[in-house]
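So this block is my_file.json, JSON, N, CA and C atoms:
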```json
[["chain", "number", "residue", "atom", "x", "y", "z"],
["A", 135, "MET", "N", 136.12, 60.02, 130.25],
["A", 135, "MET", "CA", 137.34, 59.73, 130.97],
["A", 135, "MET", "C", 138.45, 59.40, 129.97],
["A", 136, "GLU", "N", 139.64, 59.99, 130.17],
["A", 136, "GLU", "CA", 140.77, 59.76, 129.29],
["A", 136, "GLU", "C", 141.39, 58.39, 129.56],
["A", 137, "GLN", "N", 141.85, 57.75, 128.51],
["A", 137, "GLN", "CA", 142.56, 56.48, 128.65],
["A", 137, "GLN", "C", 144.01, 56.77, 129.04],
["A", 138, "ALA", "N", 144.62, 55.87, 129.77],
["A", 138, "ALA", "CA", 146.03, 56.02, 130.13],
["A", 138, "ALA", "C", 146.88, 55.95, 128.88],
["A", 139, "ASP", "N", 147.86, 56.83, 128.81],
["A", 139, "ASP", "CA", 148.78, 56.88, 127.67],
["A", 139, "ASP", "C", 150.16, 56.52, 128.19],
["A", 140, "LEU", "N", 150.47, 55.25, 128.18],
["A", 140, "LEU", "CA", 151.72, 54.77, 128.78],
["A", 140, "LEU", "C", 152.97, 55.30, 128.10],
["A", 141, "GLU", "N", 152.89, 55.61, 126.82],
["A", 141, "GLU", "CA", 154.04, 56.15, 126.09],
["A", 141, "GLU", "C", 154.28, 57.61, 126.42],
["A", 142, "GLY", "N", 153.26, 58.27, 126.90],
["A", 142, "GLY", "CA", 153.34, 59.71, 127.14],
["A", 142, "GLY", "C", 152.62, 60.45, 126.02],
["A", 143, "PRO", "N", 152.12, 61.63, 126.32],
["A", 143, "PRO", "CA", 151.30, 62.35, 125.35],
["A", 143, "PRO", "C", 152.03, 62.88, 124.13],
["A", 144, "LEU", "N", 153.36, 63.02, 124.22],
["A", 144, "LEU", "CA", 154.10, 63.58, 123.09],
["A", 144, "LEU", "C", 154.52, 62.54, 122.05],
["A", 145, "VAL", "N", 154.55, 61.27, 122.43],
["A", 145, "VAL", "CA", 154.93, 60.21, 121.49],
["A", 145, "VAL", "C", 153.78, 60.03, 120.49],
["A", 146, "ASP", "N", 154.09, 60.20, 119.21],
["A", 146, "ASP", "CA", 153.10, 60.06, 118.13],
["A", 146, "ASP", "C", 151.87, 60.93, 118.34],
["A", 147, "TRP", "N", 152.08, 62.16, 118.81],
["A", 147, "TRP", "CA", 150.96, 63.04, 119.13],
["A", 147, "TRP", "C", 150.07, 63.30, 117.94],
["A", 148, "GLN", "N", 150.65, 63.42, 116.75],
["A", 148, "GLN", "CA", 149.82, 63.67, 115.56],
["A", 148, "GLN", "C", 148.95, 62.47, 115.22],
["A", 149, "ALA", "N", 149.51, 61.28, 115.31],
["A", 149, "ALA", "CA", 148.76, 60.05, 115.01],
["A", 149, "ALA", "C", 147.62, 59.86, 116.02],
["A", 150, "LYS", "N", 147.78, 60.40, 117.23],
["A", 150, "LYS", "CA", 146.75, 60.31, 118.26],
["A", 150, "LYS", "C", 145.66, 61.36, 118.07],
["A", 151, "GLY", "N", 145.85, 62.24, 117.08],
["A", 151, "GLY", "CA", 144.86, 63.27, 116.81],
["A", 151, "GLY", "C", 145.00, 64.50, 117.69],
["A", 152, "SER", "N", 146.15, 64.67, 118.32],
["A", 152, "SER", "CA", 146.40, 65.82, 119.19],
["A", 152, "SER", "C", 146.97, 66.99, 118.40],
["A", 153, "ARG", "N", 146.86, 68.19, 118.99],
["A", 153, "ARG", "CA", 147.50, 69.39, 118.44],
["A", 153, "ARG", "C", 148.54, 69.87, 119.45],
["A", 154, "LEU", "N", 149.68, 70.36, 118.93],
["A", 154, "LEU", "CA", 150.77, 70.79, 119.80],
["A", 154, "LEU", "C", 151.19, 72.20, 119.40],
["A", 155, "GLU", "N", 151.36, 73.04, 120.41],
["A", 155, "GLU", "CA", 151.73, 74.44, 120.17],
["A", 155, "GLU", "C", 152.86, 74.84, 121.11],
["A", 156, "LEU", "N", 153.89, 75.50, 120.57],
["A", 156, "LEU", "CA", 154.96, 76.06, 121.39],
["A", 156, "LEU", "C", 154.47, 77.40, 121.92],
["A", 157, "VAL", "N", 154.28, 77.49, 123.24],
["A", 157, "VAL", "CA", 153.79, 78.72, 123.85],
["A", 157, "VAL", "C", 154.94, 79.69, 124.08],
["A", 158, "GLY", "N", 156.11, 79.16, 124.43],
["A", 158, "GLY", "CA", 157.28, 80.00, 124.67],
["A", 158, "GLY", "C", 158.31, 79.33, 125.55],
["A", 159, "ARG", "N", 159.21, 80.15, 126.08],
["A", 159, "ARG", "CA", 160.26, 79.68, 126.97],
["A", 159, "ARG", "C", 160.15, 80.43, 128.28],
["A", 160, "GLU", "N", 160.40, 79.74, 129.39],
["A", 160, "GLU", "CA", 160.37, 80.38, 130.69],
["A", 160, "GLU", "C", 161.19, 79.58, 131.69],
["A", 161, "ALA", "N", 161.47, 80.20, 132.83],
["A", 161, "ALA", "CA", 162.20, 79.51, 133.90],
["A", 161, "ALA", "C", 161.22, 78.73, 134.76],
["A", 162, "ILE", "N", 161.53, 77.46, 134.95],
["A", 162, "ILE", "CA", 160.72, 76.58, 135.80],
["A", 162, "ILE", "C", 161.67, 75.92, 136.79],
["A", 163, "GLY", "N", 161.47, 76.17, 138.05],
["A", 163, "GLY", "CA", 162.33, 75.56, 139.07],
["A", 163, "GLY", "C", 163.80, 75.87, 138.87],
["A", 164, "GLY", "N", 164.10, 77.07, 138.38],
["A", 164, "GLY", "CA", 165.49, 77.47, 138.16],
["A", 164, "GLY", "C", 166.09, 76.95, 136.87],
["A", 165, "ARG", "N", 165.29, 76.30, 136.04],
["A", 165, "ARG", "CA", 165.78, 75.77, 134.76],
["A", 165, "ARG", "C", 165.04, 76.44, 133.61],
["A", 166, "ASP", "N", 165.76, 76.64, 132.51],
["A", 166, "ASP", "CA", 165.15, 77.17, 131.29],
["A", 166, "ASP", "C", 164.30, 76.05, 130.68],
["A", 167, "ALA", "N", 163.05, 76.37, 130.33],
["A", 167, "ALA", "CA", 162.14, 75.33, 129.83],
["A", 167, "ALA", "C", 161.30, 75.84, 128.67],
["A", 168, "TYR", "N", 160.94, 74.91, 127.80],
["A", 168, "TYR", "CA", 159.96, 75.18, 126.75],
["A", 168, "TYR", "C", 158.58, 74.89, 127.31],
["A", 169, "ARG", "N", 157.64, 75.78, 127.04],
["A", 169, "ARG", "CA", 156.26, 75.59, 127.48],
["A", 169, "ARG", "C", 155.44, 75.20, 126.25],
["A", 170, "LEU", "N", 154.84, 74.02, 126.30],
["A", 170, "LEU", "CA", 154.04, 73.50, 125.20],
["A", 170, "LEU", "C", 152.59, 73.36, 125.63],
["A", 171, "LYS", "N", 151.69, 73.60, 124.69],
["A", 171, "LYS", "CA", 150.26, 73.37, 124.95],
["A", 171, "LYS", "C", 149.83, 72.22, 124.05],
["A", 172, "LEU", "N", 149.35, 71.16, 124.67],
["A", 172, "LEU", "CA", 148.89, 69.98, 123.96],
["A", 172, "LEU", "C", 147.38, 69.89, 124.10],
["A", 173, "THR", "N", 146.70, 69.82, 122.96],
["A", 173, "THR", "CA", 145.25, 69.64, 122.95],
["A", 173, "THR", "C", 144.97, 68.25, 122.44],
["A", 174, "LEU", "N", 144.40, 67.41, 123.30],
["A", 174, "LEU", "CA", 144.11, 66.03, 122.92],
["A", 174, "LEU", "C", 142.92, 65.97, 121.96],
["A", 175, "LYS", "N", 142.77, 64.85, 121.31],
["A", 175, "LYS", "CA", 141.67, 64.64, 120.38],
["A", 175, "LYS", "C", 140.32, 64.90, 121.05],
["A", 176, "SER", "N", 140.23, 64.60, 122.33],
["A", 176, "SER", "CA", 138.99, 64.80, 123.09],
["A", 176, "SER", "C", 138.70, 66.27, 123.37],
["A", 177, "GLY", "N", 139.71, 67.12, 123.16],
["A", 177, "GLY", "CA", 139.56, 68.54, 123.47],
["A", 177, "GLY", "C", 140.20, 68.93, 124.79],
["A", 178, "ALA", "N", 140.57, 67.95, 125.60],
["A", 178, "ALA", "CA", 141.24, 68.23, 126.88],
["A", 178, "ALA", "C", 142.60, 68.86, 126.58],
["A", 179, "GLU", "N", 142.98, 69.83, 127.42],
["A", 179, "GLU", "CA", 144.25, 70.53, 127.23],
["A", 179, "GLU", "C", 145.21, 70.21, 128.36],
["A", 180, "GLN", "N", 146.50, 70.23, 128.00],
["A", 180, "GLN", "CA", 147.56, 69.96, 128.96],
["A", 180, "GLN", "C", 148.73, 70.86, 128.60],
["A", 181, "GLU", "N", 149.38, 71.44, 129.60],
["A", 181, "GLU", "CA", 150.59, 72.20, 129.36],
["A", 181, "GLU", "C", 151.77, 71.38, 129.86],
["A", 182, "LEU", "N", 152.79, 71.30, 129.02],
["A", 182, "LEU", "CA", 153.99, 70.53, 129.36],
["A", 182, "LEU", "C", 155.18, 71.47, 129.37],
["A", 183, "PHE", "N", 156.07, 71.28, 130.32],
["A", 183, "PHE", "CA", 157.28, 72.09, 130.43],
["A", 183, "PHE", "C", 158.48, 71.16, 130.23],
["A", 184, "LEU", "N", 159.23, 71.40, 129.14],
["A", 184, "LEU", "CA", 160.38, 70.56, 128.80],
["A", 184, "LEU", "C", 161.67, 71.30, 129.12],
["A", 185, "ASP", "N", 162.59, 70.63, 129.79],
["A", 185, "ASP", "CA", 163.91, 71.18, 130.07],
["A", 185, "ASP", "C", 164.56, 71.55, 128.73],
["A", 186, "ALA", "N", 165.02, 72.79, 128.60],
["A", 186, "ALA", "CA", 165.57, 73.27, 127.33],
["A", 186, "ALA", "C", 166.88, 72.59, 126.94],
["A", 187, "LYS", "N", 167.59, 71.98, 127.90],
["A", 187, "LYS", "CA", 168.84, 71.29, 127.60],
["A", 187, "LYS", "C", 168.63, 69.81, 127.30],
["A", 188, "THR", "N", 167.79, 69.16, 128.10],
["A", 188, "THR", "CA", 167.64, 67.70, 127.97],
["A", 188, "THR", "C", 166.38, 67.29, 127.21],
["A", 189, "TYR", "N", 165.43, 68.22, 127.08],
["A", 189, "TYR", "CA", 164.12, 67.97, 126.46],
["A", 189, "TYR", "C", 163.27, 66.96, 127.25],
["A", 190, "LEU", "N", 163.62, 66.73, 128.51],
["A", 190, "LEU", "CA", 162.82, 65.87, 129.37],
["A", 190, "LEU", "C", 161.70, 66.70, 129.99],
["A", 191, "VAL", "N", 160.56, 66.09, 130.24],
["A", 191, "VAL", "CA", 159.43, 66.79, 130.84],
["A", 191, "VAL", "C", 159.73, 67.07, 132.31],
["A", 192, "ILE", "N", 159.72, 68.36, 132.67],
["A", 192, "ILE", "CA", 159.94, 68.76, 134.06],
["A", 192, "ILE", "C", 158.63, 68.63, 134.83],
["A", 193, "CYS", "N", 157.56, 69.16, 134.23],
["A", 193, "CYS", "CA", 156.25, 69.09, 134.87],
["A", 193, "CYS", "C", 155.16, 69.31, 133.83],
["A", 194, "SER", "N", 153.94, 69.01, 134.24],
["A", 194, "SER", "CA", 152.79, 69.23, 133.36],
["A", 194, "SER", "C", 151.62, 69.75, 134.19],
["A", 195, "ASP", "N", 150.82, 70.59, 133.55],
["A", 195, "ASP", "CA", 149.60, 71.12, 134.17],
["A", 195, "ASP", "C", 148.41, 70.59, 133.40],
["A", 196, "SER", "N", 147.42, 70.13, 134.11],
["A", 196, "SER", "CA", 146.20, 69.64, 133.47],
["A", 196, "SER", "C", 145.01, 69.91, 134.39],
["A", 197, "THR", "N", 143.82, 69.79, 133.85],
["A", 197, "THR", "CA", 142.60, 69.98, 134.63],
["A", 197, "THR", "C", 141.90, 68.65, 134.74],
["A", 198, "ARG", "N", 141.54, 68.29, 135.96],
["A", 198, "ARG", "CA", 140.80, 67.07, 136.24],
["A", 198, "ARG", "C", 139.47, 67.45, 136.87],
["A", 199, "THR", "N", 138.47, 66.62, 136.69],
["A", 199, "THR", "CA", 137.19, 66.85, 137.34],
["A", 199, "THR", "C", 137.15, 66.00, 138.60],
["A", 200, "ILE", "N", 137.03, 66.66, 139.74],
["A", 200, "ILE", "CA", 136.98, 65.98, 141.02],
["A", 200, "ILE", "C", 135.68, 66.37, 141.72],
["A", 201, "LYS", "N", 134.84, 65.36, 141.97],
["A", 201, "LYS", "CA", 133.53, 65.57, 142.58],
["A", 201, "LYS", "C", 132.74, 66.64, 141.82],
["A", 202, "GLY", "N", 132.84, 66.60, 140.50],
["A", 202, "GLY", "CA", 132.08, 67.50, 139.65],
["A", 202, "GLY", "C", 132.69, 68.88, 139.43],
["A", 203, "TRP", "N", 133.83, 69.15, 140.03],
["A", 203, "TRP", "CA", 134.48, 70.45, 139.91],
["A", 203, "TRP", "C", 135.79, 70.34, 139.14],
["A", 204, "PRO", "N", 136.08, 71.29, 138.24],
["A", 204, "PRO", "CA", 137.37, 71.28, 137.56],
["A", 204, "PRO", "C", 138.47, 71.72, 138.52],
["A", 205, "VAL", "N", 139.53, 70.94, 138.60],
["A", 205, "VAL", "CA", 140.65, 71.23, 139.49],
["A", 205, "VAL", "C", 141.93, 71.19, 138.67],
["A", 206, "ARG", "N", 142.71, 72.26, 138.74],
["A", 206, "ARG", "CA", 143.98, 72.36, 138.02],
["A", 206, "ARG", "C", 145.04, 71.64, 138.85],
["A", 207, "ILE", "N", 145.80, 70.74, 138.22],
["A", 207, "ILE", "CA", 146.81, 69.94, 138.91],
["A", 207, "ILE", "C", 148.14, 70.03, 138.17],
["A", 208, "ARG", "N", 149.22, 70.19, 138.91],
["A", 208, "ARG", "CA", 150.57, 70.16, 138.33],
["A", 208, "ARG", "C", 151.24, 68.86, 138.76],
["A", 209, "THR", "N", 151.76, 68.12, 137.80],
["A", 209, "THR", "CA", 152.52, 66.90, 138.07],
["A", 209, "THR", "C", 153.99, 67.23, 137.83],
["A", 210, "VAL", "N", 154.81, 67.01, 138.84],
["A", 210, "VAL", "CA", 156.25, 67.28, 138.75],
["A", 210, "VAL", "C", 156.97, 65.94, 138.62],
["A", 211, "PHE", "N", 157.79, 65.83, 137.57],
["A", 211, "PHE", "CA", 158.53, 64.59, 137.31],
["A", 211, "PHE", "C", 159.97, 64.76, 137.80],
["A", 212, "ALA", "N", 160.50, 63.71, 138.43],
["A", 212, "ALA", "CA", 161.82, 63.82, 139.03],
["A", 212, "ALA", "C", 162.63, 62.53, 138.89],
["A", 213, "ASP", "N", 163.92, 62.68, 139.16],
["A", 213, "ASP", "CA", 164.84, 61.55, 139.23],
["A", 213, "ASP", "C", 164.79, 60.67, 137.98],
["A", 214, "TYR", "N", 165.07, 61.29, 136.83],
["A", 214, "TYR", "CA", 165.10, 60.53, 135.58],
["A", 214, "TYR", "C", 166.27, 59.55, 135.58],
["A", 215, "ARG", "N", 166.01, 58.34, 135.13],
["A", 215, "ARG", "CA", 167.05, 57.31, 135.00],
["A", 215, "ARG", "C", 166.92, 56.63, 133.65],
["A", 216, "LYS", "N", 168.07, 56.23, 133.12],
["A", 216, "LYS", "CA", 168.07, 55.57, 131.81],
["A", 216, "LYS", "C", 167.84, 54.08, 131.94],
["A", 217, "THR", "N", 166.97, 53.58, 131.08],
["A", 217, "THR", "CA", 166.69, 52.15, 130.98],
["A", 217, "THR", "C", 166.73, 51.81, 129.50],
["A", 218, "LYS", "N", 167.67, 50.98, 129.12],
["A", 218, "LYS", "CA", 167.84, 50.59, 127.72],
["A", 218, "LYS", "C", 167.90, 51.80, 126.80],
["A", 219, "GLY", "N", 168.62, 52.85, 127.25],
["A", 219, "GLY", "CA", 168.83, 54.04, 126.44],
["A", 219, "GLY", "C", 167.73, 55.08, 126.49],
["A", 220, "LEU", "N", 166.65, 54.81, 127.19],
["A", 220, "LEU", "CA", 165.55, 55.76, 127.32],
["A", 220, "LEU", "C", 165.48, 56.29, 128.75],
["A", 221, "SER", "N", 165.21, 57.58, 128.88],
["A", 221, "SER", "CA", 165.11, 58.19, 130.21],
["A", 221, "SER", "C", 163.66, 58.18, 130.69],
["A", 222, "PHE", "N", 163.48, 57.72, 131.93],
["A", 222, "PHE", "CA", 162.16, 57.65, 132.55],
["A", 222, "PHE", "C", 162.22, 58.31, 133.92],
["A", 223, "PRO", "N", 161.18, 59.07, 134.29],
["A", 223, "PRO", "CA", 161.15, 59.60, 135.66],
["A", 223, "PRO", "C", 160.82, 58.47, 136.63],
["A", 224, "THR", "N", 161.55, 58.41, 137.72],
["A", 224, "THR", "CA", 161.27, 57.36, 138.71],
["A", 224, "THR", "C", 160.48, 57.92, 139.88],
["A", 225, "GLY", "N", 160.17, 59.21, 139.81],
["A", 225, "GLY", "CA", 159.35, 59.82, 140.85],
["A", 225, "GLY", "C", 158.49, 60.92, 140.28],
["A", 226, "SER", "N", 157.36, 61.14, 140.91],
["A", 226, "SER", "CA", 156.50, 62.26, 140.53],
["A", 226, "SER", "C", 155.67, 62.69, 141.74],
["A", 227, "ARG", "N", 155.26, 63.95, 141.72],
["A", 227, "ARG", "CA", 154.41, 64.51, 142.77],
["A", 227, "ARG", "C", 153.32, 65.33, 142.10],
["A", 228, "ARG", "N", 152.19, 65.46, 142.75],
["A", 228, "ARG", "CA", 151.10, 66.29, 142.24],
["A", 228, "ARG", "C", 150.82, 67.43, 143.21],
["A", 229, "TRP", "N", 150.62, 68.62, 142.64],
["A", 229, "TRP", "CA", 150.38, 69.83, 143.41],
["A", 229, "TRP", "C", 149.35, 70.69, 142.70],
["A", 230, "PRO", "N", 148.74, 71.64, 143.42],
["A", 230, "PRO", "CA", 148.04, 72.71, 142.72],
["A", 230, "PRO", "C", 149.14, 73.52, 142.00],
["A", 231, "PRO", "N", 148.91, 74.03, 140.78],
["A", 231, "PRO", "CA", 149.95, 74.68, 139.99],
["A", 231, "PRO", "C", 150.71, 75.80, 140.68],
["A", 232, "ASN", "N", 150.07, 76.58, 141.53],
["A", 232, "ASN", "CA", 150.76, 77.71, 142.16],
["A", 232, "ASN", "C", 151.22, 77.42, 143.59],
["A", 233, "ALA", "N", 151.19, 76.16, 143.98],
["A", 233, "ALA", "CA", 151.60, 75.81, 145.36],
["A", 233, "ALA", "C", 153.10, 76.00, 145.52],
["A", 234, "ARG", "N", 153.50, 76.34, 146.71],
["A", 234, "ARG", "CA", 154.92, 76.49, 147.02],
["A", 234, "ARG", "C", 155.61, 75.13, 146.88],
["A", 235, "GLY", "N", 156.72, 75.09, 146.16],
["A", 235, "GLY", "CA", 157.46, 73.85, 145.96],
["A", 235, "GLY", "C", 157.03, 73.09, 144.73],
["A", 236, "ALA", "N", 156.01, 73.56, 144.04],
["A", 236, "ALA", "CA", 155.55, 72.88, 142.82],
["A", 236, "ALA", "C", 156.35, 73.38, 141.64],
["A", 237, "CYS", "N", 157.32, 72.60, 141.22],
["A", 237, "CYS", "CA", 158.10, 72.84, 140.01],
["A", 237, "CYS", "C", 158.73, 74.21, 140.00]]
```

Rendering of file as structure tokens:
Amino acid sequence: MEQADLEGPLVDWQAKGSRLELVGREAIGGRDAYRLKLTLKSGAEQELFLDAKTYLVICSDSTRTIKGWPVRIRTVFADYRKTKGLSFPTGSRRWPPNARGAC
């Protein structure tokens, strides 16, 4: 089981033993985004989509094991607000990656 990463997976990713790869650029929810592949030290993989203008995470795709089965989940981050100069999402939703309305 992965430990919670309160800072987010991209903060100090190298020190955490993760690998990061730029997969490319694509449109996500009508916005131009960078698609990144993050491989955690444990080997678990996560795809992150960063807004090309703000560099804020729009959404992420990851695989979770639910009742013994691997399930792909997309987390959509929304309503970013600044707190002491840092932007944080104040809302998020989880969807299957190809569901209608998911990012």

Might you pull out every residue within 6.5 Å of Gly151 of chain A, with all atoms listed in the file counted and same-chain residues fewer than 3 positions away left off, and present them as a ChimeraX atom specification? /A:146-148,173-175

Written file, previous selection with N, CA and C atoms, as a PDB file, in the frame of the given file:
```
ATOM      1  N   ASP A 146     154.090  60.200 119.210  1.00  0.00           N
ATOM      2  CA  ASP A 146     153.100  60.060 118.130  1.00  0.00           C
ATOM      3  C   ASP A 146     151.870  60.930 118.340  1.00  0.00           C
ATOM      4  N   TRP A 147     152.080  62.160 118.810  1.00  0.00           N
ATOM      5  CA  TRP A 147     150.960  63.040 119.130  1.00  0.00           C
ATOM      6  C   TRP A 147     150.070  63.300 117.940  1.00  0.00           C
ATOM      7  N   GLN A 148     150.650  63.420 116.750  1.00  0.00           N
ATOM      8  CA  GLN A 148     149.820  63.670 115.560  1.00  0.00           C
ATOM      9  C   GLN A 148     148.950  62.470 115.220  1.00  0.00           C
ATOM     10  N   THR A 173     146.700  69.820 122.960  1.00  0.00           N
ATOM     11  CA  THR A 173     145.250  69.640 122.950  1.00  0.00           C
ATOM     12  C   THR A 173     144.970  68.250 122.440  1.00  0.00           C
ATOM     13  N   LEU A 174     144.400  67.410 123.300  1.00  0.00           N
ATOM     14  CA  LEU A 174     144.110  66.030 122.920  1.00  0.00           C
ATOM     15  C   LEU A 174     142.920  65.970 121.960  1.00  0.00           C
ATOM     16  N   LYS A 175     142.770  64.850 121.310  1.00  0.00           N
ATOM     17  CA  LYS A 175     141.670  64.640 120.380  1.00  0.00           C
ATOM     18  C   LYS A 175     140.320  64.900 121.050  1.00  0.00           C
TER      19      LYS A 175
END
```

8 Å contact set for Phe222 of chain A, only N, CA and C atoms, chain neighbours under 6 positions out, as a PyMOL selection string: chain A and resi 211-216

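Of note, atom CA of Arg165 of chain A and atom C of Asp185 of chain A are spaced 7.5 Å apart.
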
Given the choices A:Thr217, A:Thr188, A:Thr209, A:Thr199, which gets closest to Trp229 of chain A if the distance is worked out from only C-alpha atoms?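 For Trp229 of chain A, the nearest of the candidates is A:Thr209.
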
Using the chain letters and numbers from this document, which residues of segment 145-225 of chain A does DSSP assign to strand (DSSP E), as a ChimeraX atom specification? /A:153-162,165-173,179-185,191-200,203-217,220-225

Starting from the point (151.4, 67.3, 136.7), work out which residues of protein, DNA or RNA have an atom no more than 10 Å away when counting only C-alpha atoms; state them as a list in words.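 Checking each residue against the 10 Å limit leaves Gln180, Glu181, Leu182, Phe183, Val191, Ile192, Cys193, Ser194, Asp195, Ser196, Thr197, Arg206, Ile207, Arg208, Thr209, Val210, Phe211, Ser226, Arg227, Arg228, Trp229, Pro230, Pro231, Ala236 and Cys237 of chain A.
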